[in-house]
Amino acid sequence: MSIRIPLLVGAVILIAGLILSMLLTDYHLRLLNLAAISAIAVIGLNFAFGYAGLISLGHAAFVGAGAYGVALLTTLFVWSPWLALPAAVAGTAVLAMLIGVPLLRLKGHYLALATLGFNVSFSIVAANWIDATGGTNGISRIPELQIAGHALTDERSYLWFALLVLAASAAVAALIHGSRHGRAMIAVRDDETASSMTGIDVPRVKLAAFVLSSVYAAVAGALFAFHMRFISPEDFGYAHSITYLAMLVVGGEGSIVGAILGALLVTFLPEWLRFLGSAYLAFFGLFVLAILIFLPSGLAGIRRPRSFRRHELIKWPALVAASKEARP
Amino acid sequence: MTDLIQLLINGLAIGSVYALAAIGFVIVYSATGVVNFAAGQFVMFGTFAGVAMLLNAQLPWPVGYGAALLAMALFGALFFAVLYLPLRASPVVTIIIGTVAIGITMQNAALLAFGSWPFRLPSPVEGVNLTIAGATISAHAVAVVIVTALMVALLWLLFFRTSLGIGMRAVAQDIKAARLMGLKVNRLLALSWVLAALLAGIAGLMLGPMWFADTSMGDPIALKAFAATIIGGFGSLPGAIIGALFVGLSEVLGASYVSSAYKDLISFGIMILFLLLRPQGVFGERIQDRG
């Protein structure tokens with residue numbers, strides 16, 4: 001795969017974001033910031049779920065690990081935010097590896113429930129380990145990010161930074177998707193036996209996808225912490241894991257563009273449905289259900305012709321390509 | 001000692017409620033393969049069906065309970081038609097997200113109808129206490145354990161002594177073969193959803209007097225029911241009962257002897273340990289390759 005598509009994806013995100021950042025009010029810029037941060041997390045979830053087929057209901061715990069990581073390092077140990085960020089991301093990756101090695105032996109709904117249990121446990125610990133996490137009061141006074149002496153305190157300049165990170169994340173994800181590692185993940189999702197027969201190390205590919213997804217989650221969590229400058233356990237409950245999964249499924253799993261569209265739609269939907277008042281969430285559930293029933297490949301699937309949907313599109317070429325490359 | 005007896009009875013009572021929720025969850029899972037993430041909201045609907053009939057409509061309790069359970073049975077049939085039929089051919093995750101989506105709608109519909117203020121659902125044996133070996137125990141807790149045992153016995157009769165139940169088991173085992181044998185498969189699948197909704201309704205009516213009826217009570221119940229089915233063995237009915245009693249006891253005993261803040265960590269920690277060391281649970285699932 002050429003370098004063109006990742007660059008194109010990144011450039012489109014930046015240009016669209018720049019234009020929007022000039023037109024919108026502060027409140028909408030804030031929502032756009034949250035959407036961009038969610039999009040980074042959802043692109044990460046796409047590695048685990050969209051490519052490798054691992055149903056994770058614990059993604060919010062990794063977002064939380066990144067957020068608590070930077071919050072603790074900057075407030076308790078007074079590190080520079082730019083030093084805390086990579087440290088928190090690395091720490092989250094190690095956590096994901098420790099969790100992933102035992103948990104990834106499970107499949108399907110067993111994995112879903114185990115990761116759900118992990119997320120619930122994370123919330124319980126975050127809410128009760130008061131010395132470190134501040135309990136339900138959370139951690140406040142997280143310092144702002146600074147670039148060349150300019151503090152990213154207002155929504156517009158933070159959005160530019162978030163979009164830069166989102167564009168880079170999407171471009172890297174597109175590169176991985178096109179590489180043999182990405183194809184190996186997709187092959188594992190479609191048929192574990194067949195892919196192990198072609199020489200793919202299935203447990204390693206699964207772990208790589210899981211850890212990669214947690215790295216994206218941690219980056220999103222760190223960005224969230226520096227944006228809100230206050231975090232508490234309820235920002236990372238398992239309901240948020242379900243929201244991330246819903247964003248991915250609504251947008252179209254297995255698609256980076258879909259992940260971004262899903263994050264945008266699910267973040268802005270409450271705004272557009274404001275006329276429904278308190279009935280909004282009741283409607284939201286029905287809306288997601290309608291998308292599942294009527295658009296089984298999500299928003300990103302709309303442009304594809306029906307005969308080319310989802311599995312048919314990826315399954316065989318991915319396996320064939322993976323089998324060719326795996327030969328010694 | 002008297003403390004321990006009290007805790008044990010309370011643990012068994014709360015475990016019985018989890019058991020009914022878990023049994024409904026397992027019946028639906030074995031018949032239709034759907035992991036129902038709205039299972040907790042079903043129980044919440046049961047409680048609020050009781051609130052609507054007993055508190056709002058002021059019906060006497062035998063009529064009110066009957067009306068609430070009738071409403072739950074209809075709801076189970078509706079769930080079958082709106083969620084299961086359109087999504088039955090979709091991948092597991094799509095169905096999981098679908099049940100989550102419906103769960104969100106259920107919770108917020110209840111919030112719109114009843115508000116966020118908690119209700120206190122009365123028990124038919126309100127205020128009656130029993131003394132067992134010096135320990136004072138509410139009659140409601142004892143009644144909950146007895147009703148649950150009765151329901152389990154009835155379910156056993158249904159599944160092993162009636163042609164209807166045997167047909168449901170046949171569908172759970174192999175839908176195609178059951179259809180070829182002339183069973184009305186769709187009707188039996190719908191019946192498993194109705195049965196799950198009824199059991200959740202009974203669980204909800206019994207839980208109401210123990211907890212405050214609150215529209216956000218569904219999620220914790222679902223999580224406990226999941227932990228129970230994993231510990232007991234996914235897809236196994238005896239497993240769901242044993243697992244649920246264990247979860248109820250560990251919750252009540254853990255809160256009293258270990259730490260009330262970390263009481264839920266015990267059941268989830270044990271659930272994760274089971275997943276890692278013995279994913280088939282105590283009783284195991286017949287089809288071994290699911291783990």
# chains A, B, ... in the order shown; residues from 1 in each chain; ligands from 1
>>> interface_residues(of="chain B", to="chain A", cutoff="8 Å", atoms="only C-alpha atoms", output="compact mmCIF listing (two decimals) with C-alpha atoms, in the first residue's frame")
# COMPACT_ATOMS: atom_id res chain seq x y z
CA VAL B 35 -26.12 -12.69 25.29
CA PRO B 86 -34.51 -8.51 12.90
CA LEU B 87 -31.02 -9.20 14.28
CA VAL B 92 -22.63 -11.75 18.13
CA VAL B 93 -21.36 -8.22 18.69
CA THR B 94 -24.15 -6.59 16.73
CA ILE B 97 -24.80 -3.80 21.09
CA GLY B 98 -28.46 -4.17 20.13
CA VAL B 100 -27.29 -2.68 25.16
CA ALA B 101 -29.09 -0.10 23.00
CA ILE B 102 -32.52 -1.44 24.01
CA GLY B 103 -31.32 -1.48 27.63
CA ILE B 104 -30.51 2.26 27.39
CA THR B 105 -33.97 2.89 25.93
CA MET B 106 -35.63 0.81 28.68
CA GLN B 107 -33.81 2.59 31.48
CA ASN B 108 -34.58 6.04 30.15
CA ALA B 109 -38.17 5.21 29.31
CA LEU B 112 -39.31 9.42 31.97
CA PHE B 226 -23.18 -12.33 34.38
CA ALA B 261 -16.41 -0.54 49.32
CA TYR B 262 -14.67 -3.51 47.72
CA ASP B 264 -18.23 -6.17 44.40
CA LEU B 265 -14.58 -6.69 43.60
CA PHE B 268 -15.79 -9.96 39.81
CA GLY B 269 -12.34 -11.09 40.87
CA MET B 271 -15.46 -14.36 37.96
CA ILE B 272 -12.22 -13.39 36.19
CA LEU B 275 -12.66 -17.35 33.25
CA LEU B 276 -8.92 -17.86 33.34
CA ARG B 290 -17.02 -22.10 23.13
CA GLY B 291 -14.36 -21.23 25.71
>>> residues_around(residues="region 22-32 of chain B", least_positions_apart="2", cutoff="8 Å", atoms="only C-alpha atoms", output="tab-separated table (two decimals) with N, CA and C atoms, in the first residue's frame")
chain	number	residue	atom	x	y	z
B	18	TYR	N	-30.78	-12.81	42.17
B	18	TYR	CA	-29.80	-12.92	41.09
B	18	TYR	C	-30.01	-14.21	40.31
B	19	ALA	N	-30.36	-15.29	41.05
B	19	ALA	CA	-30.53	-16.59	40.39
B	19	ALA	C	-31.66	-16.51	39.36
B	20	LEU	N	-32.79	-15.88	39.72
B	20	LEU	CA	-33.90	-15.80	38.76
B	20	LEU	C	-33.48	-14.99	37.53
B	34	VAL	N	-28.36	-15.54	22.20
B	34	VAL	CA	-28.21	-14.11	22.44
B	34	VAL	C	-27.71	-13.87	23.86
B	35	VAL	N	-26.59	-13.12	23.97
B	35	VAL	CA	-26.12	-12.69	25.29
B	35	VAL	C	-26.86	-11.40	25.60
B	36	ASN	N	-27.83	-11.47	26.49
B	36	ASN	CA	-28.75	-10.34	26.69
B	36	ASN	C	-28.20	-9.36	27.71
B	39	ALA	N	-30.51	-7.76	30.43
B	39	ALA	CA	-31.13	-8.64	31.43
B	39	ALA	C	-31.42	-7.88	32.73
B	168	MET	N	-38.66	-26.96	23.84
B	168	MET	CA	-37.75	-25.83	24.02
B	168	MET	C	-36.31	-26.30	24.13
B	169	ARG	N	-36.10	-27.42	24.83
B	169	ARG	CA	-34.74	-27.95	24.93
B	169	ARG	C	-34.24	-28.42	23.58
B	171	VAL	N	-35.07	-27.19	20.68
B	171	VAL	CA	-34.71	-26.01	19.90
B	171	VAL	C	-33.36	-25.47	20.35
B	172	ALA	N	-33.12	-25.49	21.69
B	172	ALA	CA	-31.85	-25.00	22.20
B	172	ALA	C	-30.70	-25.85	21.69
B	173	GLN	N	-30.95	-27.15	21.52
B	173	GLN	CA	-29.88	-28.04	21.10
B	173	GLN	C	-29.57	-27.86	19.61
B	189	LEU	N	-39.05	-20.22	20.43
B	189	LEU	CA	-38.04	-19.18	20.70
B	189	LEU	C	-38.69	-17.99	21.40
B	192	SER	N	-39.22	-18.66	24.99
B	192	SER	CA	-38.06	-18.55	25.87
B	192	SER	C	-37.83	-17.10	26.28
B	193	TRP	N	-38.11	-16.14	25.37
B	193	TRP	CA	-38.01	-14.72	25.75
B	193	TRP	C	-39.08	-14.36	26.77
B	195	LEU	N	-40.51	-16.37	28.87
B	195	LEU	CA	-40.15	-17.01	30.14
B	195	LEU	C	-39.08	-16.18	30.87
B	196	ALA	N	-38.07	-15.72	30.10
B	196	ALA	CA	-37.01	-14.91	30.70
B	196	ALA	C	-37.59	-13.63	31.29
B	197	ALA	N	-38.51	-13.00	30.56
B	197	ALA	CA	-39.11	-11.75	31.05
B	197	ALA	C	-39.94	-12.01	32.31
B	199	LEU	N	-39.46	-14.46	34.55
B	199	LEU	CA	-38.56	-14.72	35.68
B	199	LEU	C	-37.96	-13.41	36.17
B	200	ALA	N	-37.56	-12.53	35.21
B	200	ALA	CA	-37.02	-11.24	35.60
B	200	ALA	C	-38.09	-10.44	36.34
B	225	ALA	N	-25.59	-11.03	37.57
B	225	ALA	CA	-26.10	-12.21	36.85
B	225	ALA	C	-25.03	-12.76	35.91
B	226	PHE	N	-24.27	-11.87	35.26
B	226	PHE	CA	-23.18	-12.33	34.38
B	226	PHE	C	-22.15	-13.09	35.20
B	228	ALA	N	-22.54	-14.59	37.95
B	228	ALA	CA	-23.10	-15.87	38.39
B	228	ALA	C	-23.04	-16.91	37.29
B	229	THR	N	-23.41	-16.52	36.06
B	229	THR	CA	-23.42	-17.53	34.99
B	229	THR	C	-22.01	-17.97	34.64
B	234	PHE	N	-21.40	-21.16	31.83
B	234	PHE	CA	-22.28	-20.50	30.87
B	234	PHE	C	-23.23	-21.51	30.24
B	235	GLY	N	-24.51	-21.20	30.23
B	235	GLY	CA	-25.48	-22.08	29.58
B	235	GLY	C	-26.01	-23.17	30.47
B	236	SER	N	-25.53	-23.25	31.73
B	236	SER	CA	-26.01	-24.31	32.62
B	236	SER	C	-26.98	-23.73	33.64
B	237	LEU	N	-28.20	-24.32	33.74
B	237	LEU	CA	-29.18	-23.80	34.70
B	237	LEU	C	-28.78	-24.06	36.15
B	240	ALA	N	-26.16	-21.61	36.98
B	240	ALA	CA	-26.62	-20.24	37.21
B	240	ALA	C	-27.12	-20.08	38.64
B	241	ILE	N	-27.83	-21.11	39.14
B	241	ILE	CA	-28.38	-21.01	40.50
B	241	ILE	C	-27.25	-21.01	41.54
B	244	ALA	N	-25.25	-17.80	41.32
B	244	ALA	CA	-25.96	-16.63	41.84
B	244	ALA	C	-26.00	-16.65	43.36
>>> closest_residue(among="B:Ala213, B:Ala68, B:Ala227, B:Ala89", to="Gly239 (chain B)", atoms="only C-alpha atoms")
B:Ala227
>>> select_by_dssp(residues="region 25-248 of chain B", states="strand (DSSP E)", output="tab-separated table (two decimals) with C-alpha atoms, in the first residue's frame")
chain	number	residue	atom	x	y	z
B	129	ASN	CA	-40.15	-10.85	61.32
B	130	LEU	CA	-39.18	-14.38	62.23
B	131	THR	CA	-36.83	-15.51	64.95
B	132	ILE	CA	-34.53	-18.39	64.04
B	135	ALA	CA	-31.58	-14.22	64.95
B	136	THR	CA	-34.28	-11.86	63.69
B	137	ILE	CA	-34.97	-12.37	60.03
B	138	SER	CA	-37.48	-10.58	57.83
>>> residues_around(residues="Phe224 (chain A)", least_positions_apart="5", cutoff="9 Å", atoms="only C-alpha atoms", output="PDB file with C-alpha atoms, in the first residue's frame")
ATOM      1  CA  ASN A  33     -12.617  18.425  21.010  1.00  0.00           C
ATOM      2  CA  LEU A  34     -14.413  15.626  22.833  1.00  0.00           C
ATOM      3  CA  ILE A  37     -10.508  12.610  21.566  1.00  0.00           C
ATOM      4  CA  SER A  38     -13.174   9.867  21.377  1.00  0.00           C
ATOM      5  CA  VAL A  63      -8.582   5.419  28.467  1.00  0.00           C
ATOM      6  CA  ALA A  67      -5.830   9.777  32.015  1.00  0.00           C
ATOM      7  CA  VAL A 219      -3.326   8.797  24.210  1.00  0.00           C
ATOM      8  CA  ARG A 229      -8.021  19.278  33.565  1.00  0.00           C
ATOM      9  CA  PHE A 230     -10.222  17.321  35.963  1.00  0.00           C
ATOM     10  CA  ILE A 231     -10.954  13.581  35.904  1.00  0.00           C
TER      11      ILE A 231
END
>>> atom_distance(atom1="CA of Leu85 (chain A)", atom2="CA of Ala36 (chain A)")
17.4 Å
>>> residues_around(residues="Val128 (chain B)", least_positions_apart="3", cutoff="8 Å", atoms="only C-alpha atoms", output="VMD selection string")
chain B and resid 125 138 to 140
>>> atom_distance(atom1="CA of Pro124 (chain B)", atom2="CA of Ala77 (chain B)")
28.1 Å
>>> residues_around(residues="Ser157 (chain A)", least_positions_apart="6", cutoff="10 Å", atoms="only C-alpha atoms", output="list of chain:residue names")
A:Ser21, A:Leu29, A:His150, A:Ala151, A:Leu163
>>> residues_around(residues="Leu72 (chain A)", least_positions_apart="4", cutoff="12 Å", atoms="only C-alpha atoms", output="short mmCIF file (atom, residue, chain, number, x, y, z; two decimals) with C-alpha atoms, in the first residue's frame")
data_model
loop_
_atom_site.label_atom_id
_atom_site.label_comp_id
_atom_site.auth_asym_id
_atom_site.auth_seq_id
_atom_site.Cartn_x
_atom_site.Cartn_y
_atom_site.Cartn_z
CA GLY A 64 -8.82 5.84 32.23
CA ALA A 65 -5.36 4.36 32.79
CA GLY A 66 -3.87 6.94 30.40
CA ALA A 67 -5.83 9.78 32.01
CA TYR A 68 -5.02 8.77 35.60
CA LEU A 76 1.47 14.20 42.58
CA PHE A 77 5.00 13.98 41.14
CA VAL A 78 4.93 17.36 39.33
CA TRP A 79 6.31 16.00 36.07
CA SER A 80 6.17 18.04 32.89
CA PRO A 81 3.03 17.11 30.90
CA ALA A 84 4.06 12.38 31.69
CA LEU A 85 2.25 11.68 28.41
CA ALA A 87 5.18 7.57 30.44
CA ALA A 88 1.42 7.13 30.96
CA ASP A 131 -4.88 8.13 48.47
CA ALA A 132 -3.89 7.83 44.83
CA THR A 133 -7.00 8.62 42.79
CA GLY A 134 -8.88 10.96 45.10
CA GLY A 138 -11.35 12.68 41.21
CA ILE A 139 -8.17 14.61 40.47
CA SER A 140 -8.36 18.32 39.72
CA ARG A 141 -5.78 21.00 38.83
CA ILE A 142 -4.17 18.96 36.07
CA PRO A 143 -1.78 21.41 34.34
CA ALA A 222 -4.17 11.75 28.35
CA ALA A 225 -7.17 14.78 31.11
CA PHE A 226 -5.27 17.79 29.69
CA ARG A 229 -8.02 19.28 33.56
CA PHE A 230 -10.22 17.32 35.96
CA ILE A 231 -10.95 13.58 35.90
#
>>> residues_around(residues="Phe114 (chain B)", least_positions_apart="3", cutoff="10 Å", atoms="only C-alpha atoms", output="list in words")
Phe48, Val51, Ala52, Asn108, Ala109, Ala110, Leu111, Trp117, Pro118, Phe119, Asp214 and Thr215 of chain B
>>> write_last_selection(atoms="N, CA and C atoms", output="PDB file, in the first residue's frame")
ATOM      1  N   PHE B  48     -40.598  -2.025  38.456  1.00  0.00           N
ATOM      2  CA  PHE B  48     -41.444  -0.866  38.182  1.00  0.00           C
ATOM      3  C   PHE B  48     -42.827  -1.260  37.686  1.00  0.00           C
ATOM      4  N   VAL B  51     -44.365  -1.352  40.880  1.00  0.00           N
ATOM      5  CA  VAL B  51     -44.653   0.016  41.362  1.00  0.00           C
ATOM      6  C   VAL B  51     -45.905   0.545  40.692  1.00  0.00           C
ATOM      7  N   ALA B  52     -46.017   0.327  39.361  1.00  0.00           N
ATOM      8  CA  ALA B  52     -47.167   0.854  38.623  1.00  0.00           C
ATOM      9  C   ALA B  52     -48.463   0.213  39.109  1.00  0.00           C
ATOM     10  N   ASN B 108     -34.165   4.651  30.250  1.00  0.00           N
ATOM     11  CA  ASN B 108     -34.575   6.044  30.155  1.00  0.00           C
ATOM     12  C   ASN B 108     -36.073   6.202  29.970  1.00  0.00           C
ATOM     13  N   ALA B 109     -36.709   5.183  29.371  1.00  0.00           N
ATOM     14  CA  ALA B 109     -38.169   5.211  29.311  1.00  0.00           C
ATOM     15  C   ALA B 109     -38.731   5.126  30.733  1.00  0.00           C
ATOM     16  N   ALA B 110     -38.127   4.257  31.553  1.00  0.00           N
ATOM     17  CA  ALA B 110     -38.582   4.141  32.945  1.00  0.00           C
ATOM     18  C   ALA B 110     -38.335   5.442  33.695  1.00  0.00           C
ATOM     19  N   LEU B 111     -37.179   6.085  33.394  1.00  0.00           N
ATOM     20  CA  LEU B 111     -36.858   7.357  34.052  1.00  0.00           C
ATOM     21  C   LEU B 111     -37.895   8.421  33.696  1.00  0.00           C
ATOM     22  N   TRP B 117     -36.770   9.794  41.454  1.00  0.00           N
ATOM     23  CA  TRP B 117     -36.995   9.597  42.885  1.00  0.00           C
ATOM     24  C   TRP B 117     -37.239   8.121  43.167  1.00  0.00           C
ATOM     25  N   PRO B 118     -36.527   7.493  44.128  1.00  0.00           N
ATOM     26  CA  PRO B 118     -36.726   6.064  44.358  1.00  0.00           C
ATOM     27  C   PRO B 118     -38.067   5.745  45.027  1.00  0.00           C
ATOM     28  N   PHE B 119     -38.606   4.565  44.705  1.00  0.00           N
ATOM     29  CA  PHE B 119     -39.864   4.117  45.300  1.00  0.00           C
ATOM     30  C   PHE B 119     -39.586   3.021  46.314  1.00  0.00           C
ATOM     31  N   ASP B 214     -35.296   1.959  41.908  1.00  0.00           N
ATOM     32  CA  ASP B 214     -34.619   3.094  41.317  1.00  0.00           C
ATOM     33  C   ASP B 214     -34.377   2.717  39.852  1.00  0.00           C
ATOM     34  N   THR B 215     -34.582   3.648  38.913  1.00  0.00           N
ATOM     35  CA  THR B 215     -34.480   3.246  37.503  1.00  0.00           C
ATOM     36  C   THR B 215     -33.055   2.861  37.103  1.00  0.00           C
TER      37      THR B 215
END
>>> atom_distance(atom1="CA of Asp26 (chain A)", atom2="CA of Gly44 (chain A)")
27.4 Å
>>> closest_residue(among="A:Ala187, A:Ala194, A:Leu31, A:Ile40", to="Lys206 (chain A)", atoms="only C-alpha atoms")
A:Ala187
>>> decode(residues="region 20-50 of chain B", atoms="N, CA and C atoms", output="JSON list (two decimals), in the first residue's frame")
[["chain", "number", "residue", "atom", "x", "y", "z"],
["B", 20, "LEU", "N", -32.79, -15.88, 39.72],
["B", 20, "LEU", "CA", -33.90, -15.80, 38.76],
["B", 20, "LEU", "C", -33.48, -14.99, 37.53],
["B", 21, "ALA", "N", -32.76, -13.87, 37.76],
["B", 21, "ALA", "CA", -32.28, -13.07, 36.64],
["B", 21, "ALA", "C", -31.33, -13.90, 35.79],
["B", 22, "ALA", "N", -30.42, -14.66, 36.45],
["B", 22, "ALA", "CA", -29.43, -15.45, 35.73],
["B", 22, "ALA", "C", -30.11, -16.59, 34.96],
["B", 23, "ILE", "N", -31.15, -17.20, 35.54],
["B", 23, "ILE", "CA", -31.84, -18.29, 34.85],
["B", 23, "ILE", "C", -32.49, -17.76, 33.57],
["B", 24, "GLY", "N", -33.14, -16.60, 33.67],
["B", 24, "GLY", "CA", -33.74, -16.01, 32.48],
["B", 24, "GLY", "C", -32.69, -15.76, 31.41],
["B", 25, "PHE", "N", -31.55, -15.22, 31.84],
["B", 25, "PHE", "CA", -30.43, -14.94, 30.95],
["B", 25, "PHE", "C", -29.96, -16.22, 30.25],
["B", 26, "VAL", "N", -29.84, -17.33, 31.04],
["B", 26, "VAL", "CA", -29.33, -18.59, 30.49],
["B", 26, "VAL", "C", -30.36, -19.21, 29.55],
["B", 27, "ILE", "N", -31.65, -19.13, 29.90],
["B", 27, "ILE", "CA", -32.69, -19.72, 29.03],
["B", 27, "ILE", "C", -32.63, -19.06, 27.65],
["B", 28, "VAL", "N", -32.54, -17.73, 27.64],
["B", 28, "VAL", "CA", -32.47, -17.02, 26.37],
["B", 28, "VAL", "C", -31.18, -17.37, 25.63],
["B", 29, "TYR", "N", -30.06, -17.43, 26.40],
["B", 29, "TYR", "CA", -28.79, -17.72, 25.74],
["B", 29, "TYR", "C", -28.80, -19.12, 25.13],
["B", 30, "SER", "N", -29.29, -20.12, 25.87],
["B", 30, "SER", "CA", -29.20, -21.47, 25.28],
["B", 30, "SER", "C", -30.20, -21.64, 24.14],
["B", 31, "ALA", "N", -31.35, -20.97, 24.21],
["B", 31, "ALA", "CA", -32.32, -21.15, 23.13],
["B", 31, "ALA", "C", -31.94, -20.35, 21.90],
["B", 32, "THR", "N", -31.50, -19.09, 22.09],
["B", 32, "THR", "CA", -31.33, -18.22, 20.93],
["B", 32, "THR", "C", -29.89, -17.81, 20.69],
["B", 33, "GLY", "N", -28.97, -18.13, 21.62],
["B", 33, "GLY", "CA", -27.58, -17.74, 21.43],
["B", 33, "GLY", "C", -27.34, -16.26, 21.69],
["B", 34, "VAL", "N", -28.36, -15.54, 22.20],
["B", 34, "VAL", "CA", -28.21, -14.11, 22.44],
["B", 34, "VAL", "C", -27.71, -13.87, 23.86],
["B", 35, "VAL", "N", -26.59, -13.12, 23.97],
["B", 35, "VAL", "CA", -26.12, -12.69, 25.29],
["B", 35, "VAL", "C", -26.86, -11.40, 25.60],
["B", 36, "ASN", "N", -27.83, -11.47, 26.49],
["B", 36, "ASN", "CA", -28.75, -10.34, 26.69],
["B", 36, "ASN", "C", -28.20, -9.36, 27.71],
["B", 37, "PHE", "N", -27.60, -8.27, 27.21],
["B", 37, "PHE", "CA", -27.05, -7.27, 28.11],
["B", 37, "PHE", "C", -28.15, -6.40, 28.73],
["B", 38, "ALA", "N", -29.40, -6.58, 28.29],
["B", 38, "ALA", "CA", -30.49, -5.83, 28.91],
["B", 38, "ALA", "C", -31.13, -6.64, 30.04],
["B", 39, "ALA", "N", -30.51, -7.76, 30.43],
["B", 39, "ALA", "CA", -31.13, -8.64, 31.43],
["B", 39, "ALA", "C", -31.42, -7.88, 32.73],
["B", 40, "GLY", "N", -30.51, -6.99, 33.12],
["B", 40, "GLY", "CA", -30.73, -6.23, 34.35],
["B", 40, "GLY", "C", -31.90, -5.27, 34.21],
["B", 41, "GLN", "N", -32.06, -4.69, 33.01],
["B", 41, "GLN", "CA", -33.19, -3.77, 32.80],
["B", 41, "GLN", "C", -34.52, -4.53, 32.83],
["B", 42, "PHE", "N", -34.49, -5.81, 32.45],
["B", 42, "PHE", "CA", -35.70, -6.62, 32.56],
["B", 42, "PHE", "C", -36.14, -6.67, 34.03],
["B", 43, "VAL", "N", -35.17, -6.91, 34.93],
["B", 43, "VAL", "CA", -35.50, -6.99, 36.36],
["B", 43, "VAL", "C", -36.03, -5.63, 36.84],
["B", 44, "MET", "N", -35.37, -4.55, 36.37],
["B", 44, "MET", "CA", -35.82, -3.21, 36.75],
["B", 44, "MET", "C", -37.26, -2.98, 36.28],
["B", 45, "PHE", "N", -37.56, -3.41, 35.04],
["B", 45, "PHE", "CA", -38.93, -3.30, 34.54],
["B", 45, "PHE", "C", -39.89, -4.08, 35.44],
["B", 46, "GLY", "N", -39.44, -5.26, 35.91],
["B", 46, "GLY", "CA", -40.29, -6.05, 36.81],
["B", 46, "GLY", "C", -40.63, -5.26, 38.06],
["B", 47, "THR", "N", -39.61, -4.64, 38.67],
["B", 47, "THR", "CA", -39.85, -3.86, 39.87],
["B", 47, "THR", "C", -40.82, -2.72, 39.59],
["B", 48, "PHE", "N", -40.60, -2.02, 38.46],
["B", 48, "PHE", "CA", -41.44, -0.87, 38.18],
["B", 48, "PHE", "C", -42.83, -1.26, 37.69],
["B", 49, "ALA", "N", -42.95, -2.48, 37.11],
["B", 49, "ALA", "CA", -44.30, -2.97, 36.82],
["B", 49, "ALA", "C", -45.04, -3.12, 38.15],
["B", 50, "GLY", "N", -44.33, -3.60, 39.18],
["B", 50, "GLY", "CA", -44.91, -3.70, 40.51],
["B", 50, "GLY", "C", -45.28, -2.33, 41.06]]
